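Trainee: Encoded as structure tokens, here's the structure I'll be asking about.
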Amino acid sequence: MNYKKVELIFLIAFLMLNGYLLSICKENSSVQNMETVSEKVNIETIMKKGHITYTGPLSSKHAEGTYLSADTTNLFNNESTLKNQTITNNQGVLTSRLDQSLWMTGDSDELQAQVEQFLKQSDHIQYGKDYRYLKNASYNSDKAICYAQQWHDVPIFDETAEIVFIKESVGHHKSRIIGYKQQHITNMKAMRDNRELISQKEALHTLYSNGKLPSNSTINWMVLGYTKILTTDQTNVYVPTWLISVKTEAGTDQVTKVNAIMNRIMNNNDSD
Amino acid sequence: MKWSEKIIRILLVTAIVVSLILSAHIWLNMGNQKVIRNTSSTTNTTQVRDEKSLLMPTSLYIHDNQSVVMKSQESVVRQVLSKLSHMDYSVVKPTSETDMAECLQQQDVSEGIEMTYTTDQVLQQFINRYQLKVKGEKPDNFKFNRIIINTSNNQLTFMQDGKQLCIMGASDSLSKLYDCILHKQSNGYKVQKLADDKLNYGLLEDTTMPIYRYVLTTESYMTFAQVFFHSTDDLASKDHDDHLILTDKQDNELMIDNRTGTVLFSGHMNQHDSAKTQMLEAMGTLGSELGKLRLYEMDGHHYVFRTFVEGFPIFASADRCAVEATVESSHNLHLQTNLQTVQVPIPSKDTTTLVKASTIADQLQQAGADSSLIQTLTIGYEWQPNSDSAEAIDLVPKWFIQDGNNWETTDQWLQQKGGQ
């Protein structure tokens, strides 16, 4: 083999090697580009690409909140003050069957006004003034109207601090309230100093990252509330939580909770 | 030589040079791969703790005429820093050699706020971090450990105790900020100077403080793996007795001690960004997993971050509620912490009474402690096992003293000293 042939073989070999090295460089650069893109992708873009709809405004604002503690109220100590209803104790939940139903014939606003009037009467219901209408929990429900206690205008989105009015539809545009289930908490206290909570957008991002916000889904509502995380010696501990109701393409509704302090999806067993 | 031979030779040399350049480029890029994983793509998204939080002052005091109240809760400090960043400043008196008397004079404010660091901070970095708008020449390489907001003369003073001062005039009235903080509802403790010639504060009177109770949380080692490694897909794991070792292709290593829960990470950082920035990025990515971390100690390239509870640092064995970070000159990063942490509080009505600072100072002096030790006297919360439940821990307030690199309760220190 002469010198010219050796040169030619080396040239071909190096050209092939360069081709291979160039392909590696290109691959690395595309990985870096992907990383840059993923850093910049915000939840609005994700939602737009995935055809995820939400009609409300999306906020980046960080509210403040902290863990709360509260004692469970024994509602049966004063049940004798309640008139015109039959009370039963259903594992600590006060369950009332009204002797006379509250009849409603108008729209939901009229129904709400009647319930609020009912709440103001202490011989009808205990601690009625502590509760506010919980629009989102009553969402799309023709069977219940929910009211919840508050902490600094943030609802306690938990059955331990709720009144659920049991509604029955009677014919067209006519319904009645036949009773209610009530739980109540007292002695609410901030357990620690306030801290910055995750924003609405961050909560949605966490939902998306955990596969709880599929393509073509609709966010029905999302709200910041407190949910119970543990109970010890009759005292409950509540954590600020983003509650997000999502309707999937298949038509199922699911409410997912995101711990607004830790920015984590809360499983059902996170609250006892 | 023919033209064709010349062209082949030139092409061959060019191909060799190109292959060398490409090889070098690939090799350098491999070394520059980021150790820290991008949080936006993780499934366990954590709340990133930024530099403003990690490097916030460790104590805050409110001067209200004759009394001084300590309120070091994060929300209070955060509020002060946030309000400071919305004002314009002009440098009134740039850095100068100063003496202790002048420092004490600056500290002697009737109405104002004082914030202190346990480590020296660079003023320029502080100005950039909190976006203070400063007119005039800013002193180069000025370090400080104390910020004094004086509402009577509307001045903001940065001070390195006994060494130098930088006084700035504020464009807006600082008294609004003062009123806002004065009326903020949070627990405060009355303090006084530890001694006449000292700048530090201690409890004015015997004070009852709460004992905090928490659910003992053991983080999964994967939480740390997801934070520290670029990808967790190709991790190699080895089990050595009580140790689990995870490594990736870039030789970054995470070691977990299954007995103590200690977590050790050694990784490479890229050469482009500053080592400190990357270390803070790593710390920030740990986010709220380890609570409200703040920088507490710094010695060269060794940093100790501690979790704070209600404005006080937590002291615990085996690096619980703390992260020790060491940045080597070769851009290697070592982090040490623990899987066990506190997150969810449990209601507790227990309290304990801490004796006033002067009592502790007297006890220490009688035991032969030198005055520099007394200067490091601080209140912290000690991690203690809960007597009723193994799933809970108590955080008990104690006086702590730094002896060398160790923090001990004054009781422990006095016992040891008494035994000698």
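Labeling convention for the structure tokens: chains A, B, ... as they appear, residues from 1 per chain, ligands from 1 in order of appearance.
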Which residues are close to Gly19 (chain A), i.e. within 12 Å by only C-alpha atoms, leaving aside same-chain residues fewer than 5 positions away? Reply as a PyMOL selection string.

Mentor: (chain A and resi 12-14+24-26) or (chain B and resi 15+18-19+22-23)

Trainee: How would the residues just chosen look if you wrote them out with all heavy atoms as a compact mmCIF listing (two decimals), in the first residue's frame?

Mentor:
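Just written: again_30.txt:
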# COMPACT_ATOMS: atom_id res chain seq x y z
N ILE A 12 -10.84 9.48 4.88
CA ILE A 12 -12.21 8.93 4.97
C ILE A 12 -12.58 8.65 6.43
O ILE A 12 -13.66 8.97 6.91
CB ILE A 12 -12.34 7.67 4.08
CG1 ILE A 12 -12.22 8.08 2.60
CG2 ILE A 12 -13.69 6.97 4.31
CD1 ILE A 12 -11.96 6.93 1.66
N ALA A 13 -11.60 8.02 7.15
CA ALA A 13 -11.85 7.67 8.56
C ALA A 13 -12.14 8.92 9.39
O ALA A 13 -13.09 8.95 10.19
CB ALA A 13 -10.64 6.92 9.12
N PHE A 14 -11.35 9.97 9.19
CA PHE A 14 -11.56 11.20 9.97
C PHE A 14 -12.87 11.91 9.60
O PHE A 14 -13.53 12.48 10.46
CB PHE A 14 -10.37 12.15 9.81
CG PHE A 14 -9.31 11.91 10.86
CD1 PHE A 14 -8.17 11.20 10.56
CD2 PHE A 14 -9.50 12.38 12.17
CE1 PHE A 14 -7.21 10.95 11.54
CE2 PHE A 14 -8.54 12.14 13.13
CZ PHE A 14 -7.39 11.42 12.83
N ILE A 24 -23.18 13.92 17.81
CA ILE A 24 -23.22 14.00 19.29
C ILE A 24 -23.43 15.45 19.74
O ILE A 24 -24.23 15.74 20.62
CB ILE A 24 -21.93 13.41 19.91
CG1 ILE A 24 -21.88 11.91 19.66
CG2 ILE A 24 -21.86 13.69 21.41
CD1 ILE A 24 -20.61 11.24 20.14
N CYS A 25 -22.67 16.36 19.08
CA CYS A 25 -22.79 17.79 19.43
C CYS A 25 -24.22 18.27 19.24
O CYS A 25 -24.77 19.00 20.07
CB CYS A 25 -21.87 18.62 18.54
SG CYS A 25 -20.20 18.62 19.10
N LYS A 26 -24.82 17.86 18.11
CA LYS A 26 -26.17 18.30 17.77
C LYS A 26 -27.16 17.79 18.83
O LYS A 26 -28.05 18.51 19.29
CB LYS A 26 -26.54 17.76 16.38
CG LYS A 26 -27.56 18.61 15.67
CD LYS A 26 -27.78 18.09 14.27
CE LYS A 26 -28.98 18.79 13.65
NZ LYS A 26 -29.32 18.23 12.35
N ALA B 15 -9.45 17.78 8.65
CA ALA B 15 -10.33 16.80 9.32
C ALA B 15 -9.81 16.46 10.71
O ALA B 15 -10.59 16.32 11.67
CB ALA B 15 -10.45 15.54 8.46
N VAL B 18 -10.52 19.46 12.96
CA VAL B 18 -11.96 19.53 13.28
C VAL B 18 -12.33 18.46 14.31
O VAL B 18 -13.07 18.71 15.27
CB VAL B 18 -12.81 19.39 11.99
CG1 VAL B 18 -14.28 19.17 12.33
CG2 VAL B 18 -12.66 20.61 11.12
N SER B 19 -11.79 17.26 14.14
CA SER B 19 -12.13 16.18 15.09
C SER B 19 -11.63 16.51 16.49
O SER B 19 -12.30 16.22 17.49
CB SER B 19 -11.58 14.83 14.62
OG SER B 19 -10.19 14.83 14.76
N LEU B 22 -14.02 19.20 17.91
CA LEU B 22 -15.32 18.62 18.30
C LEU B 22 -15.20 17.77 19.57
O LEU B 22 -16.05 17.82 20.45
CB LEU B 22 -15.89 17.77 17.15
CG LEU B 22 -16.41 18.55 15.93
CD1 LEU B 22 -16.77 17.59 14.80
CD2 LEU B 22 -17.63 19.38 16.30
N SER B 23 -14.09 17.00 19.64
CA SER B 23 -13.89 16.15 20.83
C SER B 23 -13.79 17.02 22.08
O SER B 23 -14.38 16.71 23.12
CB SER B 23 -12.61 15.32 20.69
OG SER B 23 -12.67 14.55 19.54

Trainee: Any idea what's packed within 12 Å of Gln164 (chain B), counting only C-alpha atoms, ignoring anything in its chain fewer than 5 positions away? Could you give it as a VMD selection string?

Mentor: chain B and resid 93 to 104 106 123 139 141 to 146 157 to 159

Trainee: Quick one: everything within 8 Å of region 163-168 of chain A, counting only C-alpha atoms, minus sequence neighbours fewer than 4 positions away in the same chain. Send it as a ChimeraX atom specification.

Mentor: /A:131,142-148,159,175-183

Trainee: Please produce a file of those selected residues containing N, CA, C and O atoms, as a tab-separated table (two decimals), in the first residue's frame.

Mentor:
chain	number	residue	atom	x	y	z
A	131	TYR	N	-70.92	30.40	59.85
A	131	TYR	CA	-70.78	29.74	58.54
A	131	TYR	C	-71.05	30.69	57.38
A	131	TYR	O	-71.85	31.61	57.49
A	142	ASP	N	-77.52	19.09	43.08
A	142	ASP	CA	-78.94	19.36	43.31
A	142	ASP	C	-79.40	18.66	44.57
A	142	ASP	O	-80.58	18.55	44.84
A	143	LYS	N	-78.43	18.18	45.35
A	143	LYS	CA	-78.80	17.45	46.56
A	143	LYS	C	-78.35	18.13	47.85
A	143	LYS	O	-78.77	17.77	48.93
A	144	ALA	N	-77.42	19.06	47.73
A	144	ALA	CA	-76.88	19.65	48.96
A	144	ALA	C	-76.48	21.11	48.76
A	144	ALA	O	-76.12	21.51	47.66
A	145	ILE	N	-76.55	21.86	49.85
A	145	ILE	CA	-76.02	23.22	49.87
A	145	ILE	C	-75.04	23.27	51.03
A	145	ILE	O	-75.40	22.90	52.15
A	146	CYS	N	-73.83	23.70	50.76
A	146	CYS	CA	-72.80	23.63	51.80
A	146	CYS	C	-72.46	25.02	52.34
A	146	CYS	O	-72.35	25.98	51.58
A	147	TYR	N	-72.27	25.06	53.63
A	147	TYR	CA	-71.79	26.25	54.32
A	147	TYR	C	-70.58	25.84	55.15
A	147	TYR	O	-70.53	24.72	55.67
A	148	ALA	N	-69.60	26.74	55.26
A	148	ALA	CA	-68.37	26.37	55.99
A	148	ALA	C	-67.93	27.50	56.90
A	148	ALA	O	-68.22	28.68	56.64
A	159	GLU	N	-65.22	18.72	56.17
A	159	GLU	CA	-66.52	18.36	56.77
A	159	GLU	C	-66.58	18.65	58.27
A	159	GLU	O	-67.67	18.82	58.82
A	175	SER	N	-87.96	23.09	45.06
A	175	SER	CA	-87.16	22.20	45.90
A	175	SER	C	-87.39	22.55	47.36
A	175	SER	O	-87.96	23.59	47.68
A	176	ARG	N	-86.95	21.66	48.21
A	176	ARG	CA	-87.12	21.92	49.63
A	176	ARG	C	-85.92	21.37	50.40
A	176	ARG	O	-85.25	20.43	49.95
A	177	ILE	N	-85.69	21.98	51.56
A	177	ILE	CA	-84.61	21.50	52.44
A	177	ILE	C	-85.28	20.68	53.54
A	177	ILE	O	-86.16	21.18	54.24
A	178	ILE	N	-84.83	19.45	53.66
A	178	ILE	CA	-85.50	18.57	54.62
A	178	ILE	C	-84.70	18.38	55.91
A	178	ILE	O	-85.20	17.87	56.90
A	179	GLY	N	-83.46	18.82	55.89
A	179	GLY	CA	-82.65	18.67	57.10
A	179	GLY	C	-81.23	19.11	56.86
A	179	GLY	O	-80.91	19.68	55.81
A	180	TYR	N	-80.38	18.86	57.84
A	180	TYR	CA	-78.96	19.25	57.66
A	180	TYR	C	-78.06	18.37	58.50
A	180	TYR	O	-78.51	17.72	59.45
A	181	LYS	N	-76.79	18.38	58.11
A	181	LYS	CA	-75.75	17.69	58.89
A	181	LYS	C	-74.74	18.75	59.30
A	181	LYS	O	-74.33	19.55	58.45
A	182	GLN	N	-74.38	18.76	60.57
A	182	GLN	CA	-73.52	19.85	61.04
A	182	GLN	C	-72.35	19.35	61.87
A	182	GLN	O	-72.49	18.46	62.71
A	183	GLN	N	-71.20	19.95	61.62
A	183	GLN	CA	-70.05	19.81	62.52
A	183	GLN	C	-69.48	21.21	62.72
A	183	GLN	O	-69.63	22.09	61.87

Trainee: I need the residue nearest chain A from this list: B:Val215, B:Leu414, B:Leu60, B:Ile245. Use only C-alpha atoms for the distance.

Mentor: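 Checking each candidate against chain A, we get B:Val215 as the closest.
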
Trainee: Show me, as a PyMOL selection string, the residues that have an atom within 12 Å of Leu339 (chain B) when counting only C-alpha atoms, minus same-chain residues fewer than 3 positions from it.

Mentor: chain B and resi 216-225+255-264+286+289-290+318-323+336+342

Trainee: Selected residues, C-alpha atoms, written as a PDB file, in the first residue's frame, please.

Mentor:
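Done, and the output landed in again-v3.pdb:
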ATOM      1  CA  LEU B 216     -41.501  13.383  62.848  1.00  0.00           C
ATOM      2  CA  THR B 217     -41.216  13.227  59.062  1.00  0.00           C
ATOM      3  CA  THR B 218     -38.748  10.962  57.312  1.00  0.00           C
ATOM      4  CA  GLU B 219     -38.254  12.067  53.737  1.00  0.00           C
ATOM      5  CA  SER B 220     -37.744   9.459  51.056  1.00  0.00           C
ATOM      6  CA  TYR B 221     -34.148   9.317  49.807  1.00  0.00           C
ATOM      7  CA  MET B 222     -35.646   9.713  46.326  1.00  0.00           C
ATOM      8  CA  THR B 223     -36.715  13.242  47.303  1.00  0.00           C
ATOM      9  CA  PHE B 224     -33.043  14.136  47.610  1.00  0.00           C
ATOM     10  CA  ALA B 225     -32.076  12.091  44.537  1.00  0.00           C
ATOM     11  CA  MET B 255     -25.016   8.345  50.313  1.00  0.00           C
ATOM     12  CA  ILE B 256     -27.725   7.609  52.870  1.00  0.00           C
ATOM     13  CA  ASP B 257     -26.921   6.290  56.334  1.00  0.00           C
ATOM     14  CA  ASN B 258     -29.909   4.105  57.178  1.00  0.00           C
ATOM     15  CA  ARG B 259     -29.170   4.147  60.923  1.00  0.00           C
ATOM     16  CA  THR B 260     -28.872   7.883  61.484  1.00  0.00           C
ATOM     17  CA  GLY B 261     -30.706   9.145  58.382  1.00  0.00           C
ATOM     18  CA  THR B 262     -27.700  11.253  57.393  1.00  0.00           C
ATOM     19  CA  VAL B 263     -27.634  12.256  53.731  1.00  0.00           C
ATOM     20  CA  LEU B 264     -24.294  13.017  52.028  1.00  0.00           C
ATOM     21  CA  LEU B 286     -34.470  21.626  48.519  1.00  0.00           C
ATOM     22  CA  GLU B 289     -38.653  19.980  52.351  1.00  0.00           C
ATOM     23  CA  LEU B 290     -36.416  20.997  55.242  1.00  0.00           C
ATOM     24  CA  ALA B 318     -26.818  14.189  62.968  1.00  0.00           C
ATOM     25  CA  ASP B 319     -27.488  17.281  60.814  1.00  0.00           C
ATOM     26  CA  ARG B 320     -31.247  17.161  61.359  1.00  0.00           C
ATOM     27  CA  CYS B 321     -32.923  20.462  60.423  1.00  0.00           C
ATOM     28  CA  ALA B 322     -29.651  21.720  58.955  1.00  0.00           C
ATOM     29  CA  VAL B 323     -27.675  21.518  55.736  1.00  0.00           C
ATOM     30  CA  GLN B 336     -24.784  17.003  54.333  1.00  0.00           C
ATOM     31  CA  VAL B 342     -40.235  18.499  60.905  1.00  0.00           C
TER      32      VAL B 342
END

Trainee: Among region 128-178 of chain A, which residues does DSSP mark as strand (DSSP E) when it is run on the backbone? Keep the chain and numbering as in the structure and answer as a list in words.

Mentor: Tyr131, Arg132, Tyr133, Ala144, Ile145, Cys146, Tyr147, Ala148, Gln149, Gln150, Trp151, Val154, Pro155, Glu162, Ile163, Val164, Phe165, Ile166, Lys167, Glu168, Ser169, Ser175, Arg176, Ile177 and Ile178 of chain A

Trainee: Can you spit out the residues from that selection as a compact mmCIF listing (two decimals), in the first residue's frame, using N, CA, C and O atoms?

Mentor:
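Below is the file that was written, out20.txt:
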# COMPACT_ATOMS: atom_id res chain seq x y z
N TYR A 131 -70.92 30.40 59.85
CA TYR A 131 -70.78 29.74 58.54
C TYR A 131 -71.05 30.69 57.38
O TYR A 131 -71.85 31.61 57.49
N ARG A 132 -70.35 30.46 56.26
CA ARG A 132 -70.57 31.21 55.02
C ARG A 132 -70.85 30.21 53.90
O ARG A 132 -70.36 29.07 53.93
N TYR A 133 -71.57 30.70 52.92
CA TYR A 133 -71.94 29.84 51.78
C TYR A 133 -70.69 29.36 51.05
O TYR A 133 -69.79 30.14 50.75
N ALA A 144 -77.42 19.06 47.73
CA ALA A 144 -76.88 19.65 48.96
C ALA A 144 -76.48 21.11 48.76
O ALA A 144 -76.12 21.51 47.66
N ILE A 145 -76.55 21.86 49.85
CA ILE A 145 -76.02 23.22 49.87
C ILE A 145 -75.04 23.27 51.03
O ILE A 145 -75.40 22.90 52.15
N CYS A 146 -73.83 23.70 50.76
CA CYS A 146 -72.80 23.63 51.80
C CYS A 146 -72.46 25.02 52.34
O CYS A 146 -72.35 25.98 51.58
N TYR A 147 -72.27 25.06 53.63
CA TYR A 147 -71.79 26.25 54.32
C TYR A 147 -70.58 25.84 55.15
O TYR A 147 -70.53 24.72 55.67
N ALA A 148 -69.60 26.74 55.26
CA ALA A 148 -68.37 26.37 55.99
C ALA A 148 -67.93 27.50 56.90
O ALA A 148 -68.22 28.68 56.64
N GLN A 149 -67.19 27.14 57.93
CA GLN A 149 -66.58 28.15 58.80
C GLN A 149 -65.38 28.76 58.06
O GLN A 149 -64.91 28.22 57.05
N GLN A 150 -64.91 29.88 58.56
CA GLN A 150 -63.83 30.61 57.89
C GLN A 150 -62.68 30.88 58.85
O GLN A 150 -62.89 30.92 60.05
N TRP A 151 -61.53 31.11 58.29
CA TRP A 151 -60.39 31.64 59.05
C TRP A 151 -59.81 32.79 58.23
O TRP A 151 -59.29 32.57 57.13
N VAL A 154 -60.86 32.83 54.68
CA VAL A 154 -60.53 31.63 53.89
C VAL A 154 -61.38 30.49 54.44
O VAL A 154 -61.36 30.22 55.64
N PRO A 155 -62.15 29.80 53.59
CA PRO A 155 -63.04 28.77 54.11
C PRO A 155 -62.30 27.53 54.63
O PRO A 155 -61.24 27.18 54.12
N GLU A 162 -68.33 22.14 58.61
CA GLU A 162 -69.34 22.42 57.58
C GLU A 162 -70.76 22.14 58.06
O GLU A 162 -70.98 21.33 58.97
N ILE A 163 -71.69 22.82 57.41
CA ILE A 163 -73.10 22.42 57.49
C ILE A 163 -73.52 22.06 56.07
O ILE A 163 -73.28 22.84 55.14
N VAL A 164 -74.09 20.90 55.94
CA VAL A 164 -74.59 20.50 54.62
C VAL A 164 -76.11 20.40 54.72
O VAL A 164 -76.65 19.58 55.48
N PHE A 165 -76.79 21.28 54.00
CA PHE A 165 -78.26 21.23 53.96
C PHE A 165 -78.68 20.21 52.91
O PHE A 165 -78.18 20.23 51.78
N ILE A 166 -79.60 19.35 53.31
CA ILE A 166 -80.02 18.27 52.40
C ILE A 166 -81.23 18.76 51.60
O ILE A 166 -82.25 19.14 52.18
N LYS A 167 -81.06 18.78 50.30
CA LYS A 167 -82.06 19.38 49.41
C LYS A 167 -82.77 18.29 48.61
O LYS A 167 -82.14 17.29 48.23
N GLU A 168 -84.04 18.52 48.41
CA GLU A 168 -84.82 17.58 47.59
C GLU A 168 -85.52 18.37 46.50
O GLU A 168 -86.12 19.42 46.78
N SER A 169 -85.44 17.87 45.28
CA SER A 169 -86.18 18.54 44.20
C SER A 169 -87.60 17.99 44.16
O SER A 169 -87.80 16.78 44.28
N SER A 175 -87.96 23.09 45.06
CA SER A 175 -87.16 22.20 45.90
C SER A 175 -87.39 22.55 47.36
O SER A 175 -87.96 23.59 47.68
N ARG A 176 -86.95 21.66 48.21
CA ARG A 176 -87.12 21.92 49.63
C ARG A 176 -85.92 21.37 50.40
O ARG A 176 -85.25 20.43 49.95
N ILE A 177 -85.69 21.98 51.56
CA ILE A 177 -84.61 21.50 52.44
C ILE A 177 -85.28 20.68 53.54
O ILE A 177 -86.16 21.18 54.24
N ILE A 178 -84.83 19.45 53.66
CA ILE A 178 -85.50 18.57 54.62
C ILE A 178 -84.70 18.38 55.91
O ILE A 178 -85.20 17.87 56.90

Trainee: Of the residues A:Ser60, A:Ser80, A:Thr186, A:Asn18, which is the one nearest to chain B, using only C-alpha atoms?

Mentor: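 Of A:Ser60, A:Ser80, A:Thr186, A:Asn18, the one nearest chain B, counting only C-alpha atoms, is A:Asn18.
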
Trainee: Near chain B, meaning an atom within 8 Å, which residues of chain A appear when counting only C-alpha atoms? Write them as a ChimeraX atom specification.

Mentor: /A:4,7-8,10-11,14-15,17-18,21-22,24-25,35,38-39,67,69,191-195,198,206,209-210,232,235,237,261-264

Trainee: Could those selected residues go to a file with N, CA, C and O atoms, as a tab-separated table (two decimals), in the first residue's frame?

Mentor:
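Result went into result36.tsv, see below:
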chain	number	residue	atom	x	y	z
A	4	LYS	N	-0.06	7.43	-0.65
A	4	LYS	CA	-1.26	8.14	-1.09
A	4	LYS	C	-2.53	7.42	-0.61
A	4	LYS	O	-3.49	8.03	-0.15
A	7	GLU	N	-3.09	7.92	3.09
A	7	GLU	CA	-3.65	9.27	3.31
A	7	GLU	C	-5.15	9.29	3.05
A	7	GLU	O	-5.94	9.85	3.82
A	8	LEU	N	-5.53	8.65	1.96
A	8	LEU	CA	-6.95	8.64	1.56
A	8	LEU	C	-7.81	7.90	2.59
A	8	LEU	O	-8.90	8.34	2.98
A	10	PHE	N	-7.09	7.46	5.77
A	10	PHE	CA	-7.15	8.31	6.97
A	10	PHE	C	-8.17	9.43	6.81
A	10	PHE	O	-8.92	9.76	7.72
A	11	LEU	N	-8.17	10.03	5.60
A	11	LEU	CA	-9.10	11.13	5.33
A	11	LEU	C	-10.55	10.65	5.48
A	11	LEU	O	-11.37	11.29	6.15
A	14	PHE	N	-11.35	9.97	9.19
A	14	PHE	CA	-11.56	11.20	9.97
A	14	PHE	C	-12.87	11.91	9.60
A	14	PHE	O	-13.53	12.48	10.46
A	15	LEU	N	-13.21	11.84	8.30
A	15	LEU	CA	-14.48	12.45	7.90
A	15	LEU	C	-15.65	11.73	8.59
A	15	LEU	O	-16.61	12.36	9.06
A	17	LEU	N	-15.46	10.02	11.40
A	17	LEU	CA	-15.38	10.35	12.83
A	17	LEU	C	-16.00	11.73	13.10
A	17	LEU	O	-16.77	11.91	14.06
A	18	ASN	N	-15.68	12.69	12.22
A	18	ASN	CA	-16.24	14.04	12.39
A	18	ASN	C	-17.76	14.04	12.28
A	18	ASN	O	-18.44	14.76	13.02
A	21	LEU	N	-19.01	12.77	15.56
A	21	LEU	CA	-18.86	13.78	16.62
A	21	LEU	C	-19.86	14.92	16.45
A	21	LEU	O	-20.41	15.43	17.43
A	22	LEU	N	-20.11	15.31	15.21
A	22	LEU	CA	-21.09	16.37	14.94
A	22	LEU	C	-22.49	15.97	15.40
A	22	LEU	O	-23.24	16.77	15.97
A	24	ILE	N	-23.18	13.92	17.81
A	24	ILE	CA	-23.22	14.00	19.29
A	24	ILE	C	-23.43	15.45	19.74
A	24	ILE	O	-24.23	15.74	20.62
A	25	CYS	N	-22.67	16.36	19.08
A	25	CYS	CA	-22.79	17.79	19.43
A	25	CYS	C	-24.22	18.27	19.24
A	25	CYS	O	-24.77	19.00	20.07
A	35	GLU	N	-34.07	21.69	27.74
A	35	GLU	CA	-34.04	22.12	29.15
A	35	GLU	C	-34.44	23.58	29.27
A	35	GLU	O	-35.19	23.96	30.13
A	38	SER	N	-38.11	23.86	28.81
A	38	SER	CA	-38.91	23.39	29.95
A	38	SER	C	-38.84	24.36	31.12
A	38	SER	O	-39.78	24.46	31.89
A	39	GLU	N	-37.71	25.09	31.23
A	39	GLU	CA	-37.62	26.07	32.31
A	39	GLU	C	-38.59	27.23	32.08
A	39	GLU	O	-39.10	27.82	33.00
A	67	TYR	N	-50.45	26.69	59.50
A	67	TYR	CA	-51.24	25.58	60.07
A	67	TYR	C	-52.17	26.14	61.14
A	67	TYR	O	-51.80	27.04	61.89
A	69	SER	N	-54.96	25.16	64.34
A	69	SER	CA	-55.49	24.11	65.22
A	69	SER	C	-56.87	24.54	65.69
A	69	SER	O	-57.15	25.75	65.79
A	191	MET	N	-51.14	28.09	64.37
A	191	MET	CA	-50.15	27.36	65.18
A	191	MET	C	-48.74	27.92	65.03
A	191	MET	O	-47.90	27.75	65.89
A	192	ARG	N	-48.48	28.55	63.88
A	192	ARG	CA	-47.15	29.09	63.63
A	192	ARG	C	-47.29	30.43	62.92
A	192	ARG	O	-48.37	30.81	62.50
A	193	ASP	N	-46.17	31.08	62.77
A	193	ASP	CA	-46.12	32.34	62.03
A	193	ASP	C	-46.58	32.10	60.58
A	193	ASP	O	-46.36	31.02	60.04
A	194	ASN	N	-47.20	33.12	59.98
A	194	ASN	CA	-47.63	32.99	58.59
A	194	ASN	C	-46.46	32.76	57.66
A	194	ASN	O	-45.36	33.24	57.90
A	195	ARG	N	-46.70	32.02	56.60
A	195	ARG	CA	-45.66	31.84	55.59
A	195	ARG	C	-46.27	32.02	54.21
A	195	ARG	O	-47.48	31.98	54.04
A	198	ILE	N	-48.02	28.72	48.07
A	198	ILE	CA	-47.83	28.63	46.61
A	198	ILE	C	-48.97	29.37	45.92
A	198	ILE	O	-50.08	29.48	46.46
A	206	THR	N	-48.25	21.97	39.66
A	206	THR	CA	-48.05	20.73	40.44
A	206	THR	C	-49.07	19.67	40.02
A	206	THR	O	-48.75	18.49	39.87
A	209	SER	N	-47.90	18.39	36.68
A	209	SER	CA	-46.69	17.55	36.79
A	209	SER	C	-47.01	16.17	37.34
A	209	SER	O	-46.29	15.22	37.10
A	210	ASN	N	-48.08	16.07	38.09
A	210	ASN	CA	-48.45	14.79	38.69
A	210	ASN	C	-49.54	14.07	37.89
A	210	ASN	O	-50.17	13.14	38.40
A	232	THR	N	-55.53	15.07	66.94
A	232	THR	CA	-54.90	14.54	68.13
A	232	THR	C	-55.62	15.09	69.36
A	232	THR	O	-55.81	16.31	69.45
A	235	THR	N	-58.30	17.63	69.07
A	235	THR	CA	-57.90	18.86	68.38
A	235	THR	C	-57.49	18.52	66.94
A	235	THR	O	-56.73	17.58	66.72
A	237	VAL	N	-55.83	19.60	63.20
A	237	VAL	CA	-54.84	20.48	62.59
A	237	VAL	C	-55.21	20.63	61.11
A	237	VAL	O	-55.50	19.64	60.43
A	261	ILE	N	-48.56	24.77	51.46
A	261	ILE	CA	-47.28	25.07	52.12
A	261	ILE	C	-46.17	24.23	51.48
A	261	ILE	O	-45.13	24.74	51.09
A	262	MET	N	-46.43	22.93	51.34
A	262	MET	CA	-45.40	22.03	50.84
A	262	MET	C	-45.40	21.88	49.32
A	262	MET	O	-44.48	21.28	48.76
A	263	ASN	N	-46.45	22.38	48.67
A	263	ASN	CA	-46.60	22.22	47.21
A	263	ASN	C	-46.59	20.75	46.82
A	263	ASN	O	-45.82	20.33	45.95
A	264	ARG	N	-47.43	19.98	47.48
A	264	ARG	CA	-47.51	18.55	47.19
A	264	ARG	C	-48.96	18.14	47.03
A	264	ARG	O	-49.82	18.68	47.72
